[in-house]
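*Asks:* Following this line is work.txt, made up of compact mmCIF, C-alpha atoms and all ligand atoms:
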```txt
# COMPACT_ATOMS: atom_id res chain seq x y z
CA MET J 1366 -6.13 -12.80 73.08
CA ASN J 1367 -3.19 -15.20 73.40
CA THR J 1368 -2.33 -16.23 69.85
CA GLU J 1369 0.31 -18.70 71.02
CA ILE J 1370 -2.11 -20.88 72.99
CA LEU J 1371 -4.86 -20.47 70.40
CA THR J 1372 -2.42 -21.71 67.76
CA LYS J 1373 -1.62 -24.70 69.92
CA ILE J 1374 -5.33 -25.43 70.32
CA HIS J 1375 -5.83 -25.07 66.57
CA GLU J 1376 -3.00 -27.53 65.85
CA THR J 1377 -4.35 -29.95 68.45
CA ILE J 1378 -7.86 -29.87 66.95
CA GLN J 1379 -6.29 -30.51 63.54
CA ALA J 1380 -4.43 -33.54 64.87
CA TYR J 1381 -7.42 -35.39 66.34
CA LYS J 1382 -10.02 -37.39 64.46
CA THR J 1383 -12.51 -37.62 67.31
CA ILE J 1384 -13.39 -34.56 69.38
CA ILE J 1385 -15.85 -34.41 72.28
CA ILE J 1386 -17.00 -30.97 73.45
CA CYS J 1387 -18.24 -30.79 77.04
CA PRO J 1388 -20.41 -27.97 78.48
CA HIS J 1389 -21.06 -27.51 82.21
CA LYS J 1390 -23.93 -28.84 84.33
CA ARG J 1391 -27.19 -26.87 84.13
CA PRO J 1392 -26.04 -25.50 80.77
CA ASP J 1393 -26.77 -21.87 79.89
CA GLY J 1394 -26.98 -20.13 76.53
CA ASP J 1395 -23.29 -19.33 76.40
CA CYS J 1396 -21.95 -22.81 77.11
CA MET J 1397 -24.40 -24.39 74.65
CA GLY J 1398 -23.72 -21.70 72.06
CA THR J 1399 -19.97 -22.15 72.51
CA ALA J 1400 -20.24 -25.94 72.28
CA PHE J 1401 -22.47 -26.07 69.19
CA GLY J 1402 -20.57 -23.20 67.57
CA LEU J 1403 -17.23 -24.95 68.04
CA GLN J 1404 -18.72 -28.24 66.88
CA ASP J 1405 -20.00 -26.62 63.69
CA MET J 1406 -16.72 -24.84 63.07
CA ILE J 1407 -14.66 -28.03 63.33
CA GLN J 1408 -17.19 -30.27 61.58
CA SER J 1409 -17.78 -27.95 58.62
CA THR J 1410 -14.04 -27.36 58.20
CA TRP J 1411 -13.10 -31.04 58.45
CA PRO J 1412 -16.12 -33.21 57.51
CA ASP J 1413 -14.13 -36.42 58.11
CA LYS J 1414 -13.71 -35.71 61.85
CA GLN J 1415 -16.21 -37.04 64.41
CA VAL J 1416 -17.26 -34.09 66.57
CA TYR J 1417 -19.67 -34.57 69.47
CA VAL J 1418 -21.29 -32.36 72.08
CA SER J 1419 -21.83 -34.25 75.31
CA GLY J 1420 -23.79 -33.29 78.41
CA GLU J 1421 -27.22 -32.13 79.56
CA GLU J 1422 -29.99 -30.69 77.42
CA SER J 1423 -30.96 -27.05 77.79
CA GLU J 1424 -34.64 -26.26 77.32
CA TYR J 1425 -33.91 -22.52 77.00
CA VAL J 1426 -31.64 -22.82 73.96
CA LYS J 1427 -32.79 -26.18 72.59
CA PHE J 1428 -33.02 -24.58 69.13
CA LEU J 1429 -29.19 -24.69 69.01
CA GLY J 1430 -29.05 -28.49 69.09
CA THR J 1431 -29.30 -31.59 71.25
CA PRO J 1432 -26.28 -33.17 72.98
CA ASP J 1433 -25.15 -36.54 71.64
CA THR J 1434 -25.35 -39.89 73.42
CA ILE J 1435 -21.81 -41.20 73.33
CA ASP J 1436 -20.50 -44.71 73.82
CA ASP J 1437 -17.64 -45.22 76.30
CA SER J 1438 -15.42 -46.46 73.46
CA VAL J 1439 -15.61 -43.08 71.69
CA PHE J 1440 -13.48 -41.51 74.43
CA THR J 1441 -10.50 -43.75 73.67
CA GLY J 1442 -7.94 -41.60 71.87
CA ALA J 1443 -10.31 -38.63 71.66
CA LEU J 1444 -9.65 -34.95 72.24
CA VAL J 1445 -11.97 -33.57 74.93
CA ILE J 1446 -12.68 -29.83 75.07
CA ALA J 1447 -14.47 -28.45 78.15
CA VAL J 1448 -16.09 -25.09 77.41
CA ASP J 1449 -17.29 -22.26 79.67
CA THR J 1450 -16.60 -24.43 82.72
CA ALA J 1451 -14.48 -22.85 85.46
CA ALA J 1452 -14.34 -25.83 87.84
CA GLU J 1453 -13.54 -29.37 86.81
CA ASP J 1454 -16.35 -30.85 88.92
CA ARG J 1455 -18.88 -28.75 86.98
CA ILE J 1456 -18.23 -30.56 83.68
CA ALA J 1457 -21.53 -32.34 82.99
CA GLU J 1458 -19.93 -35.26 81.13
CA ARG J 1459 -18.29 -37.27 83.90
CA ARG J 1460 -16.15 -39.36 81.50
CA TYR J 1461 -14.29 -36.22 80.37
CA ALA J 1462 -10.96 -37.55 81.69
CA GLN J 1463 -11.19 -40.77 79.66
CA GLY J 1464 -10.04 -39.05 76.48
CA ASP J 1465 -6.47 -38.74 75.26
CA LEU J 1466 -6.11 -35.02 75.93
CA LEU J 1467 -8.19 -32.38 77.73
CA ILE J 1468 -8.46 -28.72 76.74
CA LYS J 1469 -10.12 -26.08 78.92
CA ILE J 1470 -11.60 -23.06 77.11
CA ASP J 1471 -13.18 -20.59 79.51
CA HIS J 1472 -13.69 -16.95 80.44
CA HIS J 1473 -14.25 -17.19 84.22
CA LEU J 1474 -11.53 -16.49 86.79
CA ASN J 1475 -9.14 -19.43 86.71
CA VAL J 1476 -9.51 -20.48 90.35
CA ASN J 1477 -9.49 -24.18 89.39
CA PRO J 1478 -6.90 -24.80 86.68
CA TYR J 1479 -7.33 -28.12 84.87
CA GLY J 1480 -6.63 -29.72 81.51
CA ASP J 1481 -3.53 -30.41 79.41
CA ILE J 1482 -4.02 -27.14 77.55
CA GLU J 1483 -5.78 -24.20 79.19
CA TYR J 1484 -7.12 -21.13 77.50
CA VAL J 1485 -8.75 -18.75 79.95
CA ASP J 1486 -9.50 -15.21 78.81
CA THR J 1487 -11.43 -13.25 81.43
CA THR J 1488 -11.55 -10.20 79.15
CA ARG J 1489 -14.12 -11.98 76.99
CA PRO J 1490 -17.68 -11.47 78.30
CA ALA J 1491 -18.82 -14.73 76.67
CA ALA J 1492 -16.98 -17.98 75.98
CA ALA J 1493 -18.51 -17.92 72.49
CA LEU J 1494 -16.31 -14.90 71.75
CA ILE J 1495 -13.19 -17.01 72.39
CA ILE J 1496 -14.32 -19.44 69.68
CA LEU J 1497 -14.67 -16.39 67.42
CA ASP J 1498 -11.13 -15.32 68.39
CA LEU J 1499 -9.95 -18.73 67.19
CA TYR J 1500 -12.02 -18.35 64.02
CA ARG J 1501 -10.61 -14.86 63.39
CA LEU J 1502 -7.02 -16.04 63.90
CA PHE J 1503 -7.38 -18.85 61.35
CA LYS J 1504 -10.00 -17.31 59.10
CA ASP J 1505 -8.39 -18.83 56.03
CA VAL J 1506 -8.85 -22.32 57.45
CA TYR J 1507 -12.17 -22.38 59.32
CA THR J 1508 -15.68 -22.33 57.99
CA LEU J 1509 -18.92 -21.78 59.87
CA THR J 1510 -22.39 -22.70 58.68
CA GLU J 1511 -25.67 -21.03 59.61
CA LYS J 1512 -25.93 -23.37 62.62
CA GLY J 1513 -22.59 -22.30 64.09
CA VAL J 1514 -23.19 -18.64 63.33
CA ARG J 1515 -26.50 -18.76 65.21
CA ALA J 1516 -24.98 -20.67 68.13
CA LEU J 1517 -22.08 -18.25 68.66
CA TYR J 1518 -24.39 -15.26 68.41
CA THR J 1519 -26.79 -16.78 70.94
CA GLY J 1520 -23.95 -17.54 73.34
CA THR J 1521 -22.69 -13.98 73.18
CA LEU J 1522 -26.16 -12.46 73.50
CA THR J 1523 -27.13 -14.47 76.54
CA ASP J 1524 -23.88 -13.99 78.49
CA THR J 1525 -23.69 -10.25 77.77
CA GLY J 1526 -27.36 -9.54 78.50
CA ARG J 1527 -27.63 -8.50 74.86
CA PHE J 1528 -24.43 -6.44 74.96
CA LYS J 1529 -25.34 -4.63 78.18
CA TYR J 1530 -23.00 -6.18 80.75
CA PRO J 1531 -19.48 -5.03 81.64
CA GLY J 1532 -16.77 -6.63 79.54
CA VAL J 1533 -18.44 -5.80 76.23
CA ASP J 1534 -15.89 -3.90 74.14
CA GLY J 1535 -14.78 -3.25 70.59
CA ASP J 1536 -13.53 -6.83 70.20
CA THR J 1537 -17.02 -8.08 71.05
CA PHE J 1538 -18.47 -6.21 68.11
CA ARG J 1539 -15.55 -7.00 65.80
CA ASN J 1540 -16.22 -10.69 66.44
CA ILE J 1541 -19.98 -10.31 66.10
CA ALA J 1542 -19.48 -8.34 62.87
CA MET J 1543 -17.95 -11.49 61.36
CA LEU J 1544 -21.18 -13.36 62.13
CA TYR J 1545 -23.18 -10.72 60.26
CA ASP J 1546 -20.74 -11.04 57.34
CA LEU J 1547 -21.44 -14.78 57.38
CA GLY J 1548 -25.18 -14.20 57.00
CA LEU J 1549 -26.39 -14.16 60.60
CA ASP J 1550 -30.19 -14.11 60.88
CA ALA J 1551 -30.33 -12.15 64.15
CA GLN J 1552 -34.10 -11.71 64.04
CA SER J 1553 -34.67 -15.47 64.19
CA VAL J 1554 -32.45 -15.70 67.28
CA TYR J 1555 -34.38 -12.91 69.02
CA ALA J 1556 -37.66 -14.58 68.07
CA GLN J 1557 -36.44 -17.79 69.75
CA LEU J 1558 -35.07 -16.10 72.88
CA ASP J 1559 -38.09 -13.81 73.33
CA THR J 1560 -40.64 -16.61 73.23
CA LYS J 1561 -41.95 -17.40 76.72
CA SER J 1562 -44.62 -19.83 77.84
CA GLU J 1563 -47.78 -18.34 79.33
CA ALA J 1564 -46.91 -20.09 82.58
CA LEU J 1565 -43.62 -18.21 82.69
CA VAL J 1566 -45.26 -14.88 81.87
CA ARG J 1567 -47.66 -15.40 84.80
CA PHE J 1568 -44.76 -16.36 87.05
CA LYS J 1569 -42.95 -13.18 86.00
CA GLY J 1570 -46.05 -11.37 87.25
CA TYR J 1571 -45.63 -13.12 90.59
CA VAL J 1572 -41.99 -12.02 90.80
CA LEU J 1573 -42.85 -8.38 90.06
CA LEU J 1574 -45.56 -8.37 92.74
CA ASN J 1575 -43.70 -10.27 95.45
CA TYR J 1576 -40.05 -9.18 95.43
CA GLN J 1577 -38.62 -7.75 98.65
CA LYS J 1578 -35.85 -5.32 99.56
CA THR J 1579 -33.28 -5.34 102.37
CA PRO J 1580 -32.85 -2.09 104.39
CA ASN J 1581 -29.81 -0.89 102.43
CA GLY J 1582 -30.89 -1.92 98.97
CA VAL J 1583 -30.69 -5.56 97.90
CA ALA J 1584 -33.77 -6.56 95.92
CA TYR J 1585 -34.61 -10.25 96.15
CA ILE J 1586 -37.23 -12.84 95.38
CA GLU J 1587 -37.73 -16.20 97.09
CA MET J 1588 -39.00 -19.21 95.15
CA THR J 1589 -39.89 -22.43 96.92
CA ASP J 1590 -40.20 -25.61 94.91
CA THR J 1591 -43.96 -25.78 95.60
CA LEU J 1592 -44.40 -22.24 94.28
CA ILE J 1593 -42.46 -23.10 91.12
CA ALA J 1594 -44.54 -26.27 90.70
CA ASP J 1595 -47.82 -24.38 91.29
CA TYR J 1596 -47.01 -22.04 88.41
CA GLY J 1597 -46.01 -24.95 86.18
CA VAL J 1598 -42.58 -23.59 85.22
CA THR J 1599 -39.18 -25.24 85.23
CA ILE J 1600 -36.51 -24.21 87.70
CA GLU J 1601 -34.33 -23.04 84.79
CA ASP J 1602 -37.11 -20.82 83.45
CA ALA J 1603 -37.91 -19.54 86.94
CA SER J 1604 -34.23 -18.69 87.55
CA SER J 1605 -34.01 -16.85 84.23
CA LEU J 1606 -36.19 -14.09 85.71
CA VAL J 1607 -33.38 -12.75 87.91
CA ASN J 1608 -32.87 -9.58 85.89
CA GLU J 1609 -36.50 -8.51 86.35
CA LEU J 1610 -35.11 -7.06 89.62
CA SER J 1611 -32.34 -5.05 87.94
CA VAL J 1612 -34.43 -1.92 87.51
CA PHE J 1613 -34.44 -0.26 90.94
CA GLU J 1614 -32.37 2.89 91.43
CA ASP J 1615 -31.89 2.17 95.15
CA CYS J 1616 -30.92 -1.50 94.70
CA PRO J 1617 -27.51 -1.93 93.01
CA VAL J 1618 -27.58 -5.63 93.90
CA TRP J 1619 -30.36 -8.13 93.32
CA VAL J 1620 -30.78 -11.81 94.10
CA LEU J 1621 -32.97 -14.67 93.01
CA LEU J 1622 -33.26 -17.43 95.60
CA ALA J 1623 -34.76 -20.72 94.48
CA GLU J 1624 -35.15 -24.26 95.76
CA TYR J 1625 -33.68 -26.83 93.42
CA GLU J 1626 -34.20 -30.57 93.75
CA GLU J 1627 -34.41 -31.81 97.36
CA GLN J 1628 -35.15 -28.25 98.53
CA ILE J 1629 -31.55 -27.17 98.06
CA VAL J 1630 -31.50 -23.36 97.92
CA ARG J 1631 -29.29 -21.68 95.33
CA ALA J 1632 -28.82 -18.00 94.59
CA ARG J 1633 -28.31 -16.01 91.43
CA ILE J 1634 -26.69 -12.72 92.43
CA ARG J 1635 -26.35 -9.73 90.11
CA SER J 1636 -24.90 -6.24 90.55
CA LYS J 1637 -24.72 -2.93 88.76
CA GLY J 1638 -22.60 -1.43 91.55
CA PRO J 1639 -20.16 -3.27 93.83
CA ALA J 1640 -18.36 -6.47 92.80
CA ILE J 1641 -20.10 -9.41 94.43
CA ASN J 1642 -17.88 -12.38 93.55
CA GLU J 1643 -15.95 -12.33 96.84
CA ILE J 1644 -19.16 -12.65 98.81
CA ALA J 1645 -20.37 -15.40 96.48
CA ASN J 1646 -17.10 -17.23 97.18
CA GLN J 1647 -17.90 -17.16 100.90
CA PHE J 1648 -21.20 -18.89 100.15
CA ASP J 1649 -19.87 -21.80 98.09
CA GLY J 1650 -20.26 -19.93 94.85
CA GLY J 1651 -18.52 -17.67 92.38
CA GLY J 1652 -18.59 -16.29 88.88
CA HIS J 1653 -17.99 -12.87 87.42
CA PRO J 1654 -17.65 -9.62 89.43
CA MET J 1655 -21.19 -8.56 88.48
CA ALA J 1656 -22.90 -11.95 88.04
CA CYS J 1657 -22.51 -14.86 90.43
CA GLY J 1658 -24.15 -18.00 91.69
CA ALA J 1659 -24.02 -19.45 95.21
CA ASN J 1660 -24.96 -22.82 96.68
CA LEU J 1661 -26.68 -22.03 99.96
CA GLY J 1662 -28.45 -25.25 100.87
CA THR J 1663 -30.94 -23.83 103.36
CA TRP J 1664 -33.16 -20.77 103.73
CA THR J 1665 -31.24 -19.93 106.92
CA ARG J 1666 -28.07 -19.70 104.86
CA ALA J 1667 -29.99 -17.61 102.30
CA LYS J 1668 -30.81 -15.07 105.02
CA GLU J 1669 -27.11 -14.95 105.93
CA LEU J 1670 -26.27 -14.20 102.31
CA LEU J 1671 -28.80 -11.37 102.24
CA VAL J 1672 -27.33 -9.92 105.46
CA ALA J 1673 -23.81 -10.05 103.97
CA LEU J 1674 -24.93 -8.45 100.70
CA ASP J 1675 -26.92 -5.79 102.56
CA ALA J 1676 -23.81 -4.79 104.54
CA HIS J 1677 -21.80 -4.82 101.31
CA VAL J 1678 -24.28 -2.47 99.61
CA LYS J 1679 -24.31 -0.22 102.69
CA ALA J 1680 -20.52 0.11 102.54
CA TYR J 1681 -20.66 0.68 98.80
CA LYS J 1682 -23.21 3.48 99.14
CA ALA J 1683 -21.21 5.07 101.98
CA SER J 1684 -18.07 5.08 99.83
CA LYS J 1685 -19.73 7.00 97.01
MN MN J 1701 -20.15 -18.07 79.82
```
Please express the file's structure as structure tokens.
Ligand SMILES: [Mn+2]

*Replies:*
Amino acid sequence: MNTEILTKIHETIQAYKTIIICPHKRPDGDCMGTAFGLQDMIQSTWPDKQVYVSGEESEYVKFLGTPDTIDDSVFTGALVIAVDTAAEDRIAERRYAQGDLLIKIDHHLNVNPYGDIEYVDTTRPAAALIILDLYRLFKDVYTLTEKGVRALYTGTLTDTGRFKYPGVDGDTFRNIAMLYDLGLDAQSVYAQLDTKSEALVRFKGYVLLNYQKTPNGVAYIEMTDTLIADYGVTIEDASSLVNELSVFEDCPVWVLLAEYEEQIVRARIRSKGPAINEIANQFDGGGHPMACGANLGTWTRAKELLVALDAHVKAYKASK
């Protein structure tokens, strides 16, 4: 935790009357939780400020809030804070540069530095935990309501796989403990996250019956857009099933391949063994060492990814 930069961010937030918080495209639980948590923290502390969240809706965590529709004029003189967004071109709000000042708050590897102030802490397994670092540092100043408490908890839960993924440490729980002290209703968050549509439950059945394995141990599932449409699920919901393939002893790496709009194939890659981010980088992707995405385009390219990951797993197993 870098108290110097966090102090600078705190002072900057204090100085602006209008603040626009920007999550990334295809928002996940962490970026929405971070955005709505930060919004609540600033808004409840300073009710006279105008604090917006701008960007795309997320069906999965819609219980956290709905992004605002913002007029162009609002950006004039505003502070813009991009959250959980490693690359500038992934910011969903394309007017992000029209503000007065841009802050980047993120926890992914800083391969694409941007913004007037940058705060990147890769030791935090969720961006929501960085907002809690800021809260902890200025605990005498900030307030959080039930809405912000729930948002920051949801962000942390979803990005840590409910505290299972690497990167979870004592600081994670020290920050989460503050949310419990503030009256967190954890059961209501679990109730929201655990609710699935019947269509998705049936599609989960499809995944468990139709996954495949490469010779050396990469489990994978292929989802065409017609398949996803036949089951009546959204691409976001379909992609959320990636960790159903995490359970095999002989497969330290698993992949979900799905066709997005215009049959563009993307991959979600996960590992409980070797780091996979360097391979993801080779396939127009990236992320964390154990959780990555890749933009493949075609099924031919998807096969190439599987070949590369299979060789990677083979080398990993040989080294053990
Ligand atoms: Mn995140």

*Asks:* Taking into account all atoms listed in the file, which residue in the set J:Lys1569, J:Lys1382, J:His1472, J:Lys1427 is nearest to Gly1394 of chain J?

*Replies:*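 Once distances to Gly1394 of chain J are computed over all atoms listed in the file, the minimum belongs to J:Lys1427.
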
*Asks:* Find the residues around Pro1639 of chain J up to 12 Å (all atoms listed in the file counted), leave out those fewer than 3 positions away in its own chain, and share them as a PyMOL selection string.

*Replies:* chain J and resi 1582-1583+1616-1619+1634-1636+1642-1644+1653-1656+1674-1685

*Asks:* Looking at only C-alpha atoms, which of J:Phe1613, J:Thr1508, J:Ser1604, J:Lys1637 is the one that sits closest to Lys1529 of chain J?

*Replies:*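 Among the listed residues, the smallest separation from Lys1529 of chain J belongs to J:Lys1637.
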
*Asks:* Could I get the residue neighbourhood of ligand MN 1701 (chain J) at 12 Å, counting all atoms listed in the file, as JSON, numbers by chain?

*Replies:* {"J": [1388, 1389, 1392, 1393, 1394, 1395, 1396, 1397, 1398, 1399, 1400, 1447, 1448, 1449, 1450, 1451, 1470, 1471, 1472, 1473, 1474, 1485, 1486, 1487, 1488, 1489, 1490, 1491, 1492, 1493, 1494, 1495, 1496, 1517, 1519, 1520, 1521, 1522, 1523, 1524, 1525, 1526, 1532, 1652, 1653, 1656, 1657]}

*Asks:* Any idea what the distance is between atom CA of Asn1475 of chain J and atom CA of Arg1455 of chain J?

*Replies:*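 So the answer is 13.5 Å.
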
*Asks:* Using only C-alpha atoms, determine which residues lie at most 8 Å from segment 1457-1461 of chain J, disregarding the query and same-chain residues fewer than 6 positions distant; provide the list as a PyMOL selection string.

*Replies:* chain J and resi 1387-1391+1419-1421+1437+1440+1445+1467

*Asks:* Measuring between all atoms listed in the file, which one of J:Glu1601, J:Asp1481, J:Glu1511, J:Asp1433 shows the shortest distance to Tyr1545 of chain J?

*Replies:*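 The shortest atom-to-atom distance to Tyr1545 of chain J comes from J:Glu1511.
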
*Asks:* Could you tell me which of J:Asp1498, J:Asp1559, J:Glu1369, J:Asp1546 comes closest to Val1426 of chain J if we count only C-alpha atoms?

*Replies:* J:Asp1559

*Asks:* Could you tell me how far atom CA of Leu1565 of chain J sits from atom CA of Ala1516 of chain J, in Å to one decimal place?

*Replies:*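 Separation between atom CA of Ala1516 of chain J and atom CA of Leu1565 of chain J: 23.8 Å.
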
*Asks:* Extract, using all atoms listed in the file, all DNA, RNA and protein residues at most 10 Å from Leu1547 of chain J, discarding same-chain residues fewer than 5 positions from it, and format them as a PyMOL selection string.

*Replies:* chain J and resi 1508-1511+1514+1541-1542

*Asks:* Please report the interatomic distance between atom CA of Glu1627 of chain J and atom CA of Ala1603 of chain J in Å with one decimal.

*Replies:*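 Interatomic distance, atom CA of Glu1627 of chain J to atom CA of Ala1603 of chain J: 16.5 Å.
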
*Asks:* Of the residues J:Val1566, J:Tyr1555, J:Ile1446, J:Thr1663, which is the one nearest to Glu1483 of chain J, using only C-alpha atoms?

*Replies:*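 Ranking J:Val1566, J:Tyr1555, J:Ile1446, J:Thr1663 by distance to Glu1483 of chain J, first place goes to J:Ile1446.
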